[in-house]
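*Asks:* One structure coming up, written as C-alpha cells, with questions to follow.
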Amino acid sequence: MTRILADLPDEEIERLDRIAREQGKSRAAVLREAVASYHAQPADGDTSWIDAAFGAWKDRDDIGDAVEWQRRERAGSTRPWDVDYPEVRAEFPDLFDEADDREHEMHKAWLTRQGVKPGDGYPAVKIQTAAQEAQEGKKRRPK
C-alpha cells in the first residue's frame, strides 16, 4: 500500500474525523472507502454500466416471460382506489379478493358523495369523512 500526503481544509478534516468517530474507524480507513466509492461511480457520460447490465435477466428461467412477470408485479401494487382497479382486477383476479372489491365499491361511493367521477382526479371539493357526513346530516334534519 502506498502512503500519500494530502492537504485538506480544516473543515474537511473535522468532518472526516467526525465520520471516523461515528463509524469507529480510522481517518485513513474512511478516506480509503471514500476513494473506492468515488472510483466505483461512472464518469459523466460513461454508460458502459448499462451495457454491462443489459440482458441480465435473459437467462432467468424461474420467472417465465420477463415482461409478463413485470406486468404482474406492477399489478400487485394496484389498490382498490386506483382508477385502473377494475381492469387490473379482471386481468389478474388471483391478486385481489372480496375485501378489495368492497373497498373499491366504498371508494366509488365516497367519490360520488364528493361529486367526483372515478378518473376525474380530485378537484377542490370539501372532503368529508363518513363521520363528518353523518354529523352534517344530523345538523340539517328538522327536529
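In the C-alpha cells, each chain is lettered A, B, ... as it comes, each chain's residues begin at 1, and ligands are numbered from 1 in order of appearance.
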Please extract the residues of segment 33-138 of chain A with a backbone DSSP assignment of alpha helix (DSSP H) and present them as a PyMOL selection string.
*Replies:* chain A and resi 33-40+48-53+66-75+85-91+98-114+130-138
*Asks:* Name the residues in contact with Ile4 of chain A at a cut-off of 12 Å, using only C-alpha atoms, excluding same-chain residues fewer than 4 positions from it; report them as a PDB file with N, CA and C atoms, in the first residue's frame.
*Replies:*
```pdb
ATOM      1  N   ALA A  28      -7.799   7.183   8.015  1.00  0.00           N
ATOM      2  CA  ALA A  28      -7.285   6.563   6.784  1.00  0.00           C
ATOM      3  C   ALA A  28      -8.302   5.582   6.195  1.00  0.00           C
ATOM      4  N   LEU A  31     -11.016   7.508   4.473  1.00  0.00           N
ATOM      5  CA  LEU A  31     -10.510   8.039   3.197  1.00  0.00           C
ATOM      6  C   LEU A  31     -10.403   6.939   2.141  1.00  0.00           C
ATOM      7  N   ARG A  32      -9.916   5.757   2.521  1.00  0.00           N
ATOM      8  CA  ARG A  32      -9.816   4.648   1.561  1.00  0.00           C
ATOM      9  C   ARG A  32     -11.196   4.282   1.017  1.00  0.00           C
TER      10      ARG A  32
END
```
*Asks:* Residues within 9 Å of segment 67-79 of chain A, please, as a list of chain:residue names. Count only C-alpha atoms; anything in the same chain fewer than 3 positions from it doesn't count.
*Replies:*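 In the requested form, the answer reads A:Ile63, A:Gly64, A:Asp82, A:Val83, A:Asp84, A:Tyr85, A:Val88, A:Arg89, A:Glu91, A:Phe92, A:Leu95, A:Phe96, A:Asp100, A:His104.
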*Asks:* Would you put the residues from that selection into a file with N, CA and C atoms, as a PDB file, in the first residue's frame?
*Replies:*
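As written to disk, part_0.pdb reads:
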```
ATOM      1  N   ILE A  63     -38.859 -17.175 -13.859  1.00  0.00           N
ATOM      2  CA  ILE A  63     -39.938 -16.185 -13.893  1.00  0.00           C
ATOM      3  C   ILE A  63     -40.773 -16.262 -15.156  1.00  0.00           C
ATOM      4  N   GLY A  64     -40.443 -17.142 -16.065  1.00  0.00           N
ATOM      5  CA  GLY A  64     -41.194 -17.210 -17.326  1.00  0.00           C
ATOM      6  C   GLY A  64     -40.906 -15.996 -18.173  1.00  0.00           C
ATOM      7  N   ASP A  82     -57.370   2.899  -7.021  1.00  0.00           N
ATOM      8  CA  ASP A  82     -56.741   3.278  -8.280  1.00  0.00           C
ATOM      9  C   ASP A  82     -57.772   3.253  -9.401  1.00  0.00           C
ATOM     10  N   VAL A  83     -57.633   4.178 -10.348  1.00  0.00           N
ATOM     11  CA  VAL A  83     -58.583   4.293 -11.444  1.00  0.00           C
ATOM     12  C   VAL A  83     -58.643   3.011 -12.276  1.00  0.00           C
ATOM     13  N   ASP A  84     -57.504   2.354 -12.437  1.00  0.00           N
ATOM     14  CA  ASP A  84     -57.474   1.158 -13.282  1.00  0.00           C
ATOM     15  C   ASP A  84     -57.748  -0.139 -12.515  1.00  0.00           C
ATOM     16  N   TYR A  85     -58.237  -0.041 -11.286  1.00  0.00           N
ATOM     17  CA  TYR A  85     -58.507  -1.239 -10.484  1.00  0.00           C
ATOM     18  C   TYR A  85     -59.375  -2.264 -11.222  1.00  0.00           C
ATOM     19  N   VAL A  88     -57.304  -4.038 -13.981  1.00  0.00           N
ATOM     20  CA  VAL A  88     -56.231  -4.863 -13.421  1.00  0.00           C
ATOM     21  C   VAL A  88     -56.833  -6.072 -12.710  1.00  0.00           C
ATOM     22  N   ARG A  89     -57.926  -5.863 -12.001  1.00  0.00           N
ATOM     23  CA  ARG A  89     -58.621  -6.956 -11.290  1.00  0.00           C
ATOM     24  C   ARG A  89     -59.077  -8.018 -12.273  1.00  0.00           C
ATOM     25  N   GLU A  91     -57.760  -8.686 -15.211  1.00  0.00           N
ATOM     26  CA  GLU A  91     -56.614  -9.377 -15.814  1.00  0.00           C
ATOM     27  C   GLU A  91     -55.892 -10.294 -14.839  1.00  0.00           C
ATOM     28  N   PHE A  92     -55.832  -9.892 -13.560  1.00  0.00           N
ATOM     29  CA  PHE A  92     -55.121 -10.678 -12.548  1.00  0.00           C
ATOM     30  C   PHE A  92     -56.042 -10.937 -11.355  1.00  0.00           C
ATOM     31  N   LEU A  95     -54.882 -11.846  -7.687  1.00  0.00           N
ATOM     32  CA  LEU A  95     -54.158 -10.888  -6.845  1.00  0.00           C
ATOM     33  C   LEU A  95     -55.087 -10.123  -5.900  1.00  0.00           C
ATOM     34  N   PHE A  96     -56.404 -10.259  -6.094  1.00  0.00           N
ATOM     35  CA  PHE A  96     -57.364  -9.467  -5.328  1.00  0.00           C
ATOM     36  C   PHE A  96     -58.410 -10.376  -4.703  1.00  0.00           C
ATOM     37  N   ASP A 100     -60.946  -6.392  -1.228  1.00  0.00           N
ATOM     38  CA  ASP A 100     -60.519  -5.346  -2.170  1.00  0.00           C
ATOM     39  C   ASP A 100     -61.718  -4.808  -2.954  1.00  0.00           C
ATOM     40  N   HIS A 104     -63.142  -1.060  -3.028  1.00  0.00           N
ATOM     41  CA  HIS A 104     -63.321  -0.352  -4.294  1.00  0.00           C
ATOM     42  C   HIS A 104     -64.719   0.260  -4.364  1.00  0.00           C
TER      43      HIS A 104
END
```
*Asks:* For atom CA of Gln114 of chain A and atom CA of Ala130 of chain A, determine how far apart the two atoms are, in Å to one decimal place.
*Replies:* 11.0 Å
